[in-house]
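This is work_28.cif. It holds mmCIF, N, CA and C atoms.
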```cif
data_target
loop_
_atom_site.group_PDB
_atom_site.id
_atom_site.type_symbol
_atom_site.label_atom_id
_atom_site.label_comp_id
_atom_site.auth_asym_id
_atom_site.auth_seq_id
_atom_site.Cartn_x
_atom_site.Cartn_y
_atom_site.Cartn_z
ATOM 1 N N GLY L 842 121.360 101.348 70.945
ATOM 2 C CA GLY L 842 121.402 100.049 71.546
ATOM 3 C C GLY L 842 120.855 98.958 70.630
ATOM 4 N N ILE L 843 120.519 99.296 69.412
ATOM 5 C CA ILE L 843 119.999 98.303 68.464
ATOM 6 C C ILE L 843 121.192 97.643 67.786
ATOM 7 N N ILE L 844 121.307 96.317 67.951
ATOM 8 C CA ILE L 844 122.498 95.659 67.413
ATOM 9 C C ILE L 844 122.206 94.654 66.304
ATOM 10 N N ASP L 845 120.918 94.354 66.049
ATOM 11 C CA ASP L 845 120.646 93.438 64.939
ATOM 12 C C ASP L 845 119.316 93.783 64.262
ATOM 13 N N ARG L 846 119.084 93.126 63.139
ATOM 14 C CA ARG L 846 117.908 93.394 62.310
ATOM 15 C C ARG L 846 116.612 93.114 63.073
ATOM 16 N N ASN L 847 116.576 92.078 63.858
ATOM 17 C CA ASN L 847 115.364 91.725 64.601
ATOM 18 C C ASN L 847 114.978 92.817 65.593
ATOM 19 N N GLN L 848 115.951 93.376 66.273
ATOM 20 C CA GLN L 848 115.668 94.484 67.198
ATOM 21 C C GLN L 848 115.183 95.706 66.425
ATOM 22 N N ALA L 849 115.801 95.973 65.311
ATOM 23 C CA ALA L 849 115.396 97.107 64.479
ATOM 24 C C ALA L 849 113.969 96.911 63.969
ATOM 25 N N GLU L 850 113.608 95.709 63.601
ATOM 26 C CA GLU L 850 112.265 95.407 63.097
ATOM 27 C C GLU L 850 111.195 95.744 64.136
ATOM 28 N N LEU L 851 111.500 95.586 65.405
ATOM 29 C CA LEU L 851 110.549 95.911 66.466
ATOM 30 C C LEU L 851 110.224 97.404 66.522
ATOM 31 N N LEU L 852 111.071 98.224 65.945
ATOM 32 C CA LEU L 852 110.857 99.671 65.945
ATOM 33 C C LEU L 852 110.104 100.173 64.712
ATOM 34 N N ARG L 853 109.697 99.266 63.827
ATOM 35 C CA ARG L 853 108.978 99.675 62.607
ATOM 36 C C ARG L 853 107.796 100.572 62.987
ATOM 37 N N GLY L 854 107.664 101.700 62.302
ATOM 38 C CA GLY L 854 106.582 102.638 62.562
ATOM 39 C C GLY L 854 106.873 103.651 63.651
ATOM 40 N N THR L 855 107.997 103.512 64.312
ATOM 41 C CA THR L 855 108.371 104.442 65.369
ATOM 42 C C THR L 855 108.883 105.739 64.741
ATOM 43 N N GLU L 856 108.409 106.862 65.227
ATOM 44 C CA GLU L 856 108.916 108.151 64.762
ATOM 45 C C GLU L 856 110.133 108.523 65.590
ATOM 46 N N LEU L 857 111.200 108.911 64.888
ATOM 47 C CA LEU L 857 112.432 109.312 65.558
ATOM 48 C C LEU L 857 112.648 110.803 65.377
ATOM 49 N N PHE L 858 113.105 111.462 66.395
ATOM 50 C CA PHE L 858 113.365 112.899 66.356
ATOM 51 C C PHE L 858 114.752 113.171 66.895
ATOM 52 N N THR L 859 115.312 114.282 66.454
ATOM 53 C CA THR L 859 116.609 114.704 66.975
ATOM 54 C C THR L 859 116.641 116.225 67.032
ATOM 55 N N ASP L 860 117.552 116.750 67.799
ATOM 56 C CA ASP L 860 117.736 118.197 67.872
ATOM 57 C C ASP L 860 118.531 118.669 66.668
ATOM 58 N N ARG L 861 118.305 119.898 66.265
ATOM 59 C CA ARG L 861 118.976 120.471 65.106
ATOM 60 C C ARG L 861 120.503 120.396 65.238
ATOM 61 N N GLU L 862 121.014 120.532 66.430
ATOM 62 C CA GLU L 862 122.470 120.503 66.626
ATOM 63 C C GLU L 862 123.084 119.149 66.256
ATOM 64 N N ASN L 863 122.260 118.110 66.142
ATOM 65 C CA ASN L 863 122.755 116.799 65.745
ATOM 66 C C ASN L 863 122.796 116.597 64.231
ATOM 67 N N PHE L 864 122.263 117.546 63.469
ATOM 68 C CA PHE L 864 122.282 117.440 62.009
ATOM 69 C C PHE L 864 123.714 117.555 61.506
ATOM 70 N N SER L 865 124.022 116.831 60.469
ATOM 71 C CA SER L 865 125.332 116.978 59.816
ATOM 72 C C SER L 865 125.363 118.297 59.063
ATOM 73 N N LYS L 866 126.532 118.862 58.944
ATOM 74 C CA LYS L 866 126.695 120.097 58.173
ATOM 75 C C LYS L 866 126.453 119.769 56.702
ATOM 76 N N THR L 867 125.685 120.613 56.033
ATOM 77 C CA THR L 867 125.397 120.368 54.612
ATOM 78 C C THR L 867 126.542 120.868 53.738
ATOM 79 N N LYS L 868 126.650 120.252 52.578
ATOM 80 C CA LYS L 868 127.640 120.678 51.585
ATOM 81 C C LYS L 868 127.032 121.769 50.726
ATOM 82 N N LYS L 869 127.845 122.341 49.848
ATOM 83 C CA LYS L 869 127.351 123.365 48.932
ATOM 84 C C LYS L 869 126.237 122.760 48.072
ATOM 85 N N ASN L 870 125.156 123.530 47.898
ATOM 86 C CA ASN L 870 123.988 123.098 47.122
ATOM 87 C C ASN L 870 123.315 121.852 47.693
ATOM 88 N N GLU L 871 123.400 121.690 49.000
ATOM 89 C CA GLU L 871 122.730 120.602 49.695
ATOM 90 C C GLU L 871 121.902 121.246 50.806
ATOM 91 N N PHE L 872 120.635 120.829 50.946
ATOM 92 C CA PHE L 872 119.739 121.499 51.880
ATOM 93 C C PHE L 872 118.891 120.477 52.619
ATOM 94 N N TYR L 873 118.521 120.824 53.827
ATOM 95 C CA TYR L 873 117.536 120.045 54.562
ATOM 96 C C TYR L 873 116.151 120.552 54.159
ATOM 97 N N ILE L 874 115.193 119.635 54.065
ATOM 98 C CA ILE L 874 113.825 120.009 53.698
ATOM 99 C C ILE L 874 113.308 121.081 54.650
ATOM 100 N N ALA L 875 113.576 120.934 55.921
ATOM 101 C CA ALA L 875 113.100 121.911 56.912
ATOM 102 C C ALA L 875 113.614 123.316 56.618
ATOM 103 N N ASP L 876 114.788 123.421 55.995
ATOM 104 C CA ASP L 876 115.354 124.732 55.668
ATOM 105 C C ASP L 876 114.676 125.365 54.465
ATOM 106 N N LEU L 877 114.120 124.546 53.580
ATOM 107 C CA LEU L 877 113.482 125.057 52.369
ATOM 108 C C LEU L 877 112.037 125.496 52.599
ATOM 109 N N LEU L 878 111.354 124.829 53.516
ATOM 110 C CA LEU L 878 109.952 125.146 53.775
ATOM 111 C C LEU L 878 109.799 126.576 54.267
ATOM 112 N N GLY L 879 108.895 127.307 53.623
ATOM 113 C CA GLY L 879 108.620 128.678 54.028
ATOM 114 C C GLY L 879 109.501 129.733 53.391
ATOM 115 N N LEU L 880 110.511 129.310 52.611
ATOM 116 C CA LEU L 880 111.352 130.311 51.950
ATOM 117 C C LEU L 880 110.519 131.155 50.997
ATOM 118 N N LYS L 881 110.804 132.449 50.961
ATOM 119 C CA LYS L 881 110.154 133.330 49.998
ATOM 120 C C LYS L 881 110.754 133.048 48.621
ATOM 121 N N VAL L 882 109.891 133.017 47.625
ATOM 122 C CA VAL L 882 110.324 132.761 46.255
ATOM 123 C C VAL L 882 110.332 134.087 45.507
ATOM 124 N N HIS L 883 111.469 134.384 44.879
ATOM 125 C CA HIS L 883 111.624 135.613 44.099
ATOM 126 C C HIS L 883 111.847 135.254 42.643
ATOM 127 N N ASN L 884 111.514 136.195 41.751
ATOM 128 C CA ASN L 884 111.858 136.014 40.346
ATOM 129 C C ASN L 884 113.214 136.672 40.099
ATOM 130 N N LEU L 885 113.661 136.653 38.861
ATOM 131 C CA LEU L 885 114.981 137.223 38.542
ATOM 132 C C LEU L 885 115.027 138.736 38.758
ATOM 133 N N GLN L 886 113.868 139.390 38.771
ATOM 134 C CA GLN L 886 113.810 140.835 39.016
ATOM 135 C C GLN L 886 113.733 141.154 40.511
ATOM 136 N N LYS L 887 113.912 140.122 41.347
ATOM 137 C CA LYS L 887 113.929 140.238 42.808
ATOM 138 C C LYS L 887 112.574 140.595 43.410
ATOM 139 N N GLN L 888 111.494 140.314 42.667
ATOM 140 C CA GLN L 888 110.148 140.515 43.190
ATOM 141 C C GLN L 888 109.729 139.239 43.921
ATOM 142 N N GLU L 889 109.083 139.406 45.062
ATOM 143 C CA GLU L 889 108.559 138.231 45.757
ATOM 144 C C GLU L 889 107.347 137.729 44.985
ATOM 145 N N ILE L 890 107.375 136.454 44.599
ATOM 146 C CA ILE L 890 106.286 135.900 43.796
ATOM 147 C C ILE L 890 105.524 134.776 44.513
ATOM 148 N N GLY L 891 106.021 134.339 45.663
ATOM 149 C CA GLY L 891 105.343 133.280 46.399
ATOM 150 C C GLY L 891 106.218 132.739 47.507
ATOM 151 N N LYS L 892 105.879 131.515 47.949
ATOM 152 C CA LYS L 892 106.670 130.866 48.994
ATOM 153 C C LYS L 892 106.637 129.353 48.789
ATOM 154 N N ILE L 893 107.664 128.687 49.303
ATOM 155 C CA ILE L 893 107.724 127.225 49.246
ATOM 156 C C ILE L 893 106.838 126.678 50.364
ATOM 157 N N ILE L 894 105.901 125.803 49.977
ATOM 158 C CA ILE L 894 105.002 125.244 50.990
ATOM 159 C C ILE L 894 105.206 123.748 51.200
ATOM 160 N N ASN L 895 105.948 123.098 50.282
ATOM 161 C CA ASN L 895 106.193 121.676 50.471
ATOM 162 C C ASN L 895 107.379 121.239 49.628
ATOM 163 N N VAL L 896 107.981 120.140 50.023
ATOM 164 C CA VAL L 896 109.083 119.530 49.288
ATOM 165 C C VAL L 896 108.767 118.046 49.193
ATOM 166 N N PHE L 897 108.809 117.501 47.970
ATOM 167 C CA PHE L 897 108.495 116.096 47.745
ATOM 168 C C PHE L 897 109.731 115.357 47.266
ATOM 169 N N SER L 898 109.984 114.224 47.835
ATOM 170 C CA SER L 898 111.041 113.359 47.343
ATOM 171 C C SER L 898 110.394 112.347 46.418
ATOM 172 N N ARG L 899 110.905 112.263 45.202
ATOM 173 C CA ARG L 899 110.367 111.322 44.218
ATOM 174 C C ARG L 899 111.409 110.259 43.899
ATOM 175 N N GLY L 900 112.067 109.788 44.910
ATOM 176 C CA GLY L 900 113.106 108.784 44.693
ATOM 177 C C GLY L 900 114.358 109.416 44.136
ATOM 178 N N ALA L 901 114.483 109.422 42.824
ATOM 179 C CA ALA L 901 115.684 109.952 42.171
ATOM 180 C C ALA L 901 115.667 111.470 42.038
ATOM 181 N N SER L 902 114.524 112.108 42.309
ATOM 182 C CA SER L 902 114.453 113.564 42.158
ATOM 183 C C SER L 902 113.642 114.166 43.294
ATOM 184 N N THR L 903 113.701 115.478 43.379
ATOM 185 C CA THR L 903 112.973 116.226 44.397
ATOM 186 C C THR L 903 112.160 117.302 43.712
ATOM 187 N N ALA L 904 110.967 117.576 44.220
ATOM 188 C CA ALA L 904 110.115 118.637 43.681
ATOM 189 C C ALA L 904 109.813 119.647 44.773
ATOM 190 N N ILE L 905 109.715 120.891 44.358
ATOM 191 C CA ILE L 905 109.386 121.997 45.257
ATOM 192 C C ILE L 905 107.978 122.468 44.926
ATOM 193 N N GLU L 906 107.130 122.585 45.940
ATOM 194 C CA GLU L 906 105.775 123.089 45.736
ATOM 195 C C GLU L 906 105.735 124.552 46.151
ATOM 196 N N ILE L 907 105.291 125.383 45.225
ATOM 197 C CA ILE L 907 105.236 126.830 45.449
ATOM 198 C C ILE L 907 103.786 127.287 45.477
ATOM 199 N N GLU L 908 103.472 128.143 46.440
ATOM 200 C CA GLU L 908 102.196 128.852 46.426
ATOM 201 C C GLU L 908 102.501 130.255 45.914
ATOM 202 N N PHE L 909 102.018 130.545 44.706
ATOM 203 C CA PHE L 909 102.295 131.826 44.065
ATOM 204 C C PHE L 909 101.343 132.906 44.551
ATOM 205 N N LEU L 910 101.849 134.124 44.621
ATOM 206 C CA LEU L 910 100.978 135.272 44.824
ATOM 207 C C LEU L 910 100.119 135.384 43.567
ATOM 208 N N ASP L 911 98.868 135.801 43.717
ATOM 209 C CA ASP L 911 97.924 135.791 42.591
ATOM 210 C C ASP L 911 98.450 136.439 41.321
ATOM 211 N N LYS L 912 99.097 137.574 41.429
ATOM 212 C CA LYS L 912 99.531 138.281 40.215
ATOM 213 C C LYS L 912 100.775 137.673 39.570
ATOM 214 N N PHE L 913 101.359 136.649 40.193
ATOM 215 C CA PHE L 913 102.575 136.042 39.652
ATOM 216 C C PHE L 913 102.408 134.560 39.286
ATOM 217 N N ILE L 914 101.171 134.102 39.120
ATOM 218 C CA ILE L 914 100.967 132.702 38.729
ATOM 219 C C ILE L 914 101.434 132.548 37.282
ATOM 220 N N PRO L 915 102.397 131.635 37.034
ATOM 221 C CA PRO L 915 102.870 131.444 35.651
ATOM 222 C C PRO L 915 101.729 130.983 34.744
ATOM 223 N N ILE L 916 101.739 131.447 33.527
ATOM 224 C CA ILE L 916 100.716 131.071 32.549
ATOM 225 C C ILE L 916 100.698 129.548 32.407
ATOM 226 N N GLY L 917 99.520 128.976 32.511
ATOM 227 C CA GLY L 917 99.371 127.533 32.370
ATOM 228 C C GLY L 917 99.587 126.751 33.651
ATOM 229 N N PHE L 918 99.831 127.448 34.758
ATOM 230 C CA PHE L 918 100.047 126.761 36.034
ATOM 231 C C PHE L 918 98.950 127.124 37.019
ATOM 232 N N GLN L 919 98.936 126.445 38.147
ATOM 233 C CA GLN L 919 97.972 126.668 39.218
ATOM 234 C C GLN L 919 98.558 127.633 40.250
ATOM 235 N N LYS L 920 97.701 128.125 41.151
ATOM 236 C CA LYS L 920 98.187 128.970 42.248
ATOM 237 C C LYS L 920 99.211 128.201 43.076
ATOM 238 N N ILE L 921 98.953 126.916 43.271
ATOM 239 C CA ILE L 921 99.904 126.035 43.946
ATOM 240 C C ILE L 921 100.350 125.003 42.928
ATOM 241 N N ASP L 922 101.639 124.973 42.666
ATOM 242 C CA ASP L 922 102.166 124.043 41.672
ATOM 243 C C ASP L 922 103.549 123.593 42.090
ATOM 244 N N ASN L 923 104.035 122.493 41.481
ATOM 245 C CA ASN L 923 105.358 122.014 41.863
ATOM 246 C C ASN L 923 106.267 121.882 40.654
ATOM 247 N N PHE L 924 107.568 121.971 40.961
ATOM 248 C CA PHE L 924 108.600 122.036 39.938
ATOM 249 C C PHE L 924 109.801 121.209 40.376
ATOM 250 N N PRO L 925 110.523 120.650 39.420
ATOM 251 C CA PRO L 925 111.737 119.901 39.787
ATOM 252 C C PRO L 925 112.725 120.825 40.505
ATOM 253 N N PHE L 926 113.317 120.332 41.572
ATOM 254 C CA PHE L 926 114.300 121.125 42.307
ATOM 255 C C PHE L 926 115.644 120.974 41.617
ATOM 256 N N LYS L 927 115.797 121.734 40.538
ATOM 257 C CA LYS L 927 117.015 121.724 39.728
ATOM 258 C C LYS L 927 117.495 123.151 39.532
ATOM 259 N N ASN L 928 118.766 123.294 39.227
ATOM 260 C CA ASN L 928 119.338 124.632 39.007
ATOM 261 C C ASN L 928 118.634 125.389 37.891
ATOM 262 N N ASP L 929 118.088 124.686 36.893
ATOM 263 C CA ASP L 929 117.375 125.358 35.806
ATOM 264 C C ASP L 929 116.187 126.166 36.327
ATOM 265 N N PHE L 930 115.495 125.642 37.319
ATOM 266 C CA PHE L 930 114.330 126.312 37.889
ATOM 267 C C PHE L 930 114.681 127.170 39.095
ATOM 268 N N PHE L 931 115.667 126.728 39.866
ATOM 269 C CA PHE L 931 116.033 127.404 41.110
ATOM 270 C C PHE L 931 117.539 127.701 41.114
ATOM 271 N N PRO L 932 117.960 128.746 40.383
ATOM 272 C CA PRO L 932 119.398 129.013 40.262
ATOM 273 C C PRO L 932 120.058 129.540 41.531
ATOM 274 N N GLN L 933 119.269 130.078 42.469
ATOM 275 C CA GLN L 933 119.849 130.627 43.702
ATOM 276 C C GLN L 933 118.994 130.227 44.903
ATOM 277 N N VAL L 934 119.645 129.675 45.900
ATOM 278 C CA VAL L 934 118.989 129.367 47.170
ATOM 279 C C VAL L 934 119.838 130.009 48.259
ATOM 280 N N ASP L 935 119.215 130.882 49.047
ATOM 281 C CA ASP L 935 119.935 131.562 50.124
ATOM 282 C C ASP L 935 119.176 131.316 51.426
ATOM 283 N N ILE L 936 119.557 130.265 52.114
ATOM 284 C CA ILE L 936 118.873 129.871 53.352
ATOM 285 C C ILE L 936 118.937 130.995 54.383
ATOM 286 N N GLU L 937 120.103 131.620 54.529
ATOM 287 C CA GLU L 937 120.261 132.685 55.537
ATOM 288 C C GLU L 937 119.346 133.872 55.268
ATOM 289 N N ALA L 938 119.182 134.234 53.980
ATOM 290 C CA ALA L 938 118.301 135.349 53.618
ATOM 291 C C ALA L 938 116.836 134.920 53.590
ATOM 292 N N GLY L 939 116.590 133.604 53.578
ATOM 293 C CA GLY L 939 115.222 133.103 53.541
ATOM 294 C C GLY L 939 114.583 133.205 52.175
ATOM 295 N N THR L 940 115.415 133.130 51.116
ATOM 296 C CA THR L 940 114.886 133.299 49.765
ATOM 297 C C THR L 940 115.425 132.240 48.804
ATOM 298 N N VAL L 941 114.664 132.050 47.751
ATOM 299 C CA VAL L 941 115.071 131.205 46.641
ATOM 300 C C VAL L 941 114.614 131.925 45.367
ATOM 301 N N VAL L 942 115.418 131.828 44.326
ATOM 302 C CA VAL L 942 115.036 132.436 43.044
ATOM 303 C C VAL L 942 114.453 131.337 42.161
ATOM 304 N N TYR L 943 113.262 131.615 41.632
ATOM 305 C CA TYR L 943 112.596 130.720 40.695
ATOM 306 C C TYR L 943 112.654 131.372 39.328
ATOM 307 N N GLU L 944 113.200 130.680 38.368
ATOM 308 C CA GLU L 944 113.357 131.226 37.027
ATOM 309 C C GLU L 944 112.388 130.527 36.077
ATOM 310 N N ALA L 945 111.448 131.292 35.542
ATOM 311 C CA ALA L 945 110.488 130.760 34.572
ATOM 312 C C ALA L 945 110.114 131.879 33.605
ATOM 313 N N PRO L 946 110.375 131.718 32.341
ATOM 314 C CA PRO L 946 110.071 132.782 31.378
ATOM 315 C C PRO L 946 108.574 133.072 31.264
ATOM 316 N N GLU L 947 107.723 132.155 31.762
ATOM 317 C CA GLU L 947 106.272 132.360 31.652
ATOM 318 C C GLU L 947 105.702 133.364 32.651
ATOM 319 N N LEU L 948 106.507 133.817 33.627
ATOM 320 C CA LEU L 948 105.966 134.717 34.643
ATOM 321 C C LEU L 948 105.445 136.003 34.026
ATOM 322 N N VAL L 949 104.284 136.431 34.518
ATOM 323 C CA VAL L 949 103.684 137.669 34.038
ATOM 324 C C VAL L 949 103.944 138.789 34.989
#
```
Output the structure of this file as structure tokens.
Amino acid sequence: GIIDRNQAELLRGTELFTDRENFSKTKKNEFYIADLLGLKVHNLQKQEIGKIINVFSRGASTAIEIEFLDKFIPIGFQKIDNFPFKNDFFPQVDIEAGTVVYEAPELV
């Protein structure tokens, strides 16, 4: 029922919610943040190395925050660290399986 800018301005700060069934269907390699949160992170050897705990939008790019299992913290990184959400770092995302592959040669 909002038909002009002035009416819209009155809603500033209002939180809007919708049901999942109202979401648009995503295209290939397109994901909703809610779908990425909590995904198990695997390395190329299919070992679980952590999980996604946050997703940050940086305007032109997106970053994924991973909480690594202690024995899989990449050399030079923290237990919780973030990485650009690009195919170079995340070559496979499988929402249905609940997994994402993180590729980093530094993994021990």
As a check of understanding, name the residues that the PyMOL selection byres ((chain L and resi 896) around 7) selects in the supplied structure, as a list in words.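 Answer for the PyMOL selection byres ((chain L and resi 896) around 7): Ile874, Leu878, Ile893, Ile894, Asn895, Phe897, Ser898, Thr903, Ala904, Ile905 and Glu906 of chain L.
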Looking only at the backbone, which of the residues in segment 861-918 of chain L does DSSP tag as strand (DSSP E), as JSON, numbers by chain? {"L": [881, 882, 883, 889, 890, 891, 892, 893, 894, 895, 896, 897, 898, 903, 904, 905, 906, 907, 908, 909]}
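For the atom pair formed by atom N of Leu885 of chain L and atom C of Val942 of chain L, the distance is 6.3 Å, given to one decimal.
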For Val941 of chain L, find every residue with an atom within 6.5 Å (counting all atoms listed in the file), except residues of its own chain fewer than 5 positions away, and show them as a VMD selection string. chain L and resid 880 to 884 931 933 to 935
In Å, how far is it from atom CA of Lys869 of chain L to atom CA of Asp929 of chain L?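 Separation of atom CA of Lys869 of chain L and atom CA of Asp929 of chain L: 16.6 Å.
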When DSSP is applied to the backbone of this structure, which of chain L are assigned helix (DSSP H, G or I)? Write them out as a ChimeraX atom specification. /L:846-850,861-863,874-877,911-913
Writing out the chosen residues with N, CA and C atoms as a compact mmCIF listing (two decimals), in the frame of the given file:
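Result went into again-v6.txt, see below:
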```txt
# COMPACT_ATOMS: atom_id res chain seq x y z
N ARG L 846 119.08 93.13 63.14
CA ARG L 846 117.91 93.39 62.31
C ARG L 846 116.61 93.11 63.07
N ASN L 847 116.58 92.08 63.86
CA ASN L 847 115.36 91.72 64.60
C ASN L 847 114.98 92.82 65.59
N GLN L 848 115.95 93.38 66.27
CA GLN L 848 115.67 94.48 67.20
C GLN L 848 115.18 95.71 66.42
N ALA L 849 115.80 95.97 65.31
CA ALA L 849 115.40 97.11 64.48
C ALA L 849 113.97 96.91 63.97
N GLU L 850 113.61 95.71 63.60
CA GLU L 850 112.26 95.41 63.10
C GLU L 850 111.20 95.74 64.14
N ARG L 861 118.30 119.90 66.26
CA ARG L 861 118.98 120.47 65.11
C ARG L 861 120.50 120.40 65.24
N GLU L 862 121.01 120.53 66.43
CA GLU L 862 122.47 120.50 66.63
C GLU L 862 123.08 119.15 66.26
N ASN L 863 122.26 118.11 66.14
CA ASN L 863 122.76 116.80 65.74
C ASN L 863 122.80 116.60 64.23
N ILE L 874 115.19 119.64 54.06
CA ILE L 874 113.82 120.01 53.70
C ILE L 874 113.31 121.08 54.65
N ALA L 875 113.58 120.93 55.92
CA ALA L 875 113.10 121.91 56.91
C ALA L 875 113.61 123.32 56.62
N ASP L 876 114.79 123.42 56.00
CA ASP L 876 115.35 124.73 55.67
C ASP L 876 114.68 125.36 54.46
N LEU L 877 114.12 124.55 53.58
CA LEU L 877 113.48 125.06 52.37
C LEU L 877 112.04 125.50 52.60
N ASP L 911 98.87 135.80 43.72
CA ASP L 911 97.92 135.79 42.59
C ASP L 911 98.45 136.44 41.32
N LYS L 912 99.10 137.57 41.43
CA LYS L 912 99.53 138.28 40.22
C LYS L 912 100.78 137.67 39.57
N PHE L 913 101.36 136.65 40.19
CA PHE L 913 102.58 136.04 39.65
C PHE L 913 102.41 134.56 39.29
```
Report the distance between atom C of Phe924 of chain L and atom N of Glu889 of chain L in Å, rounded to one decimal place.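 Going from atom C of Phe924 of chain L over to atom N of Glu889 of chain L, I get 18.8 Å.
Considering the residues L:Asp876, L:Asp860, L:Gln886, L:Arg846 and counting only N, CA and C atoms, Ile936 of chain L has its shortest atom-to-atom contact with L:Asp876.
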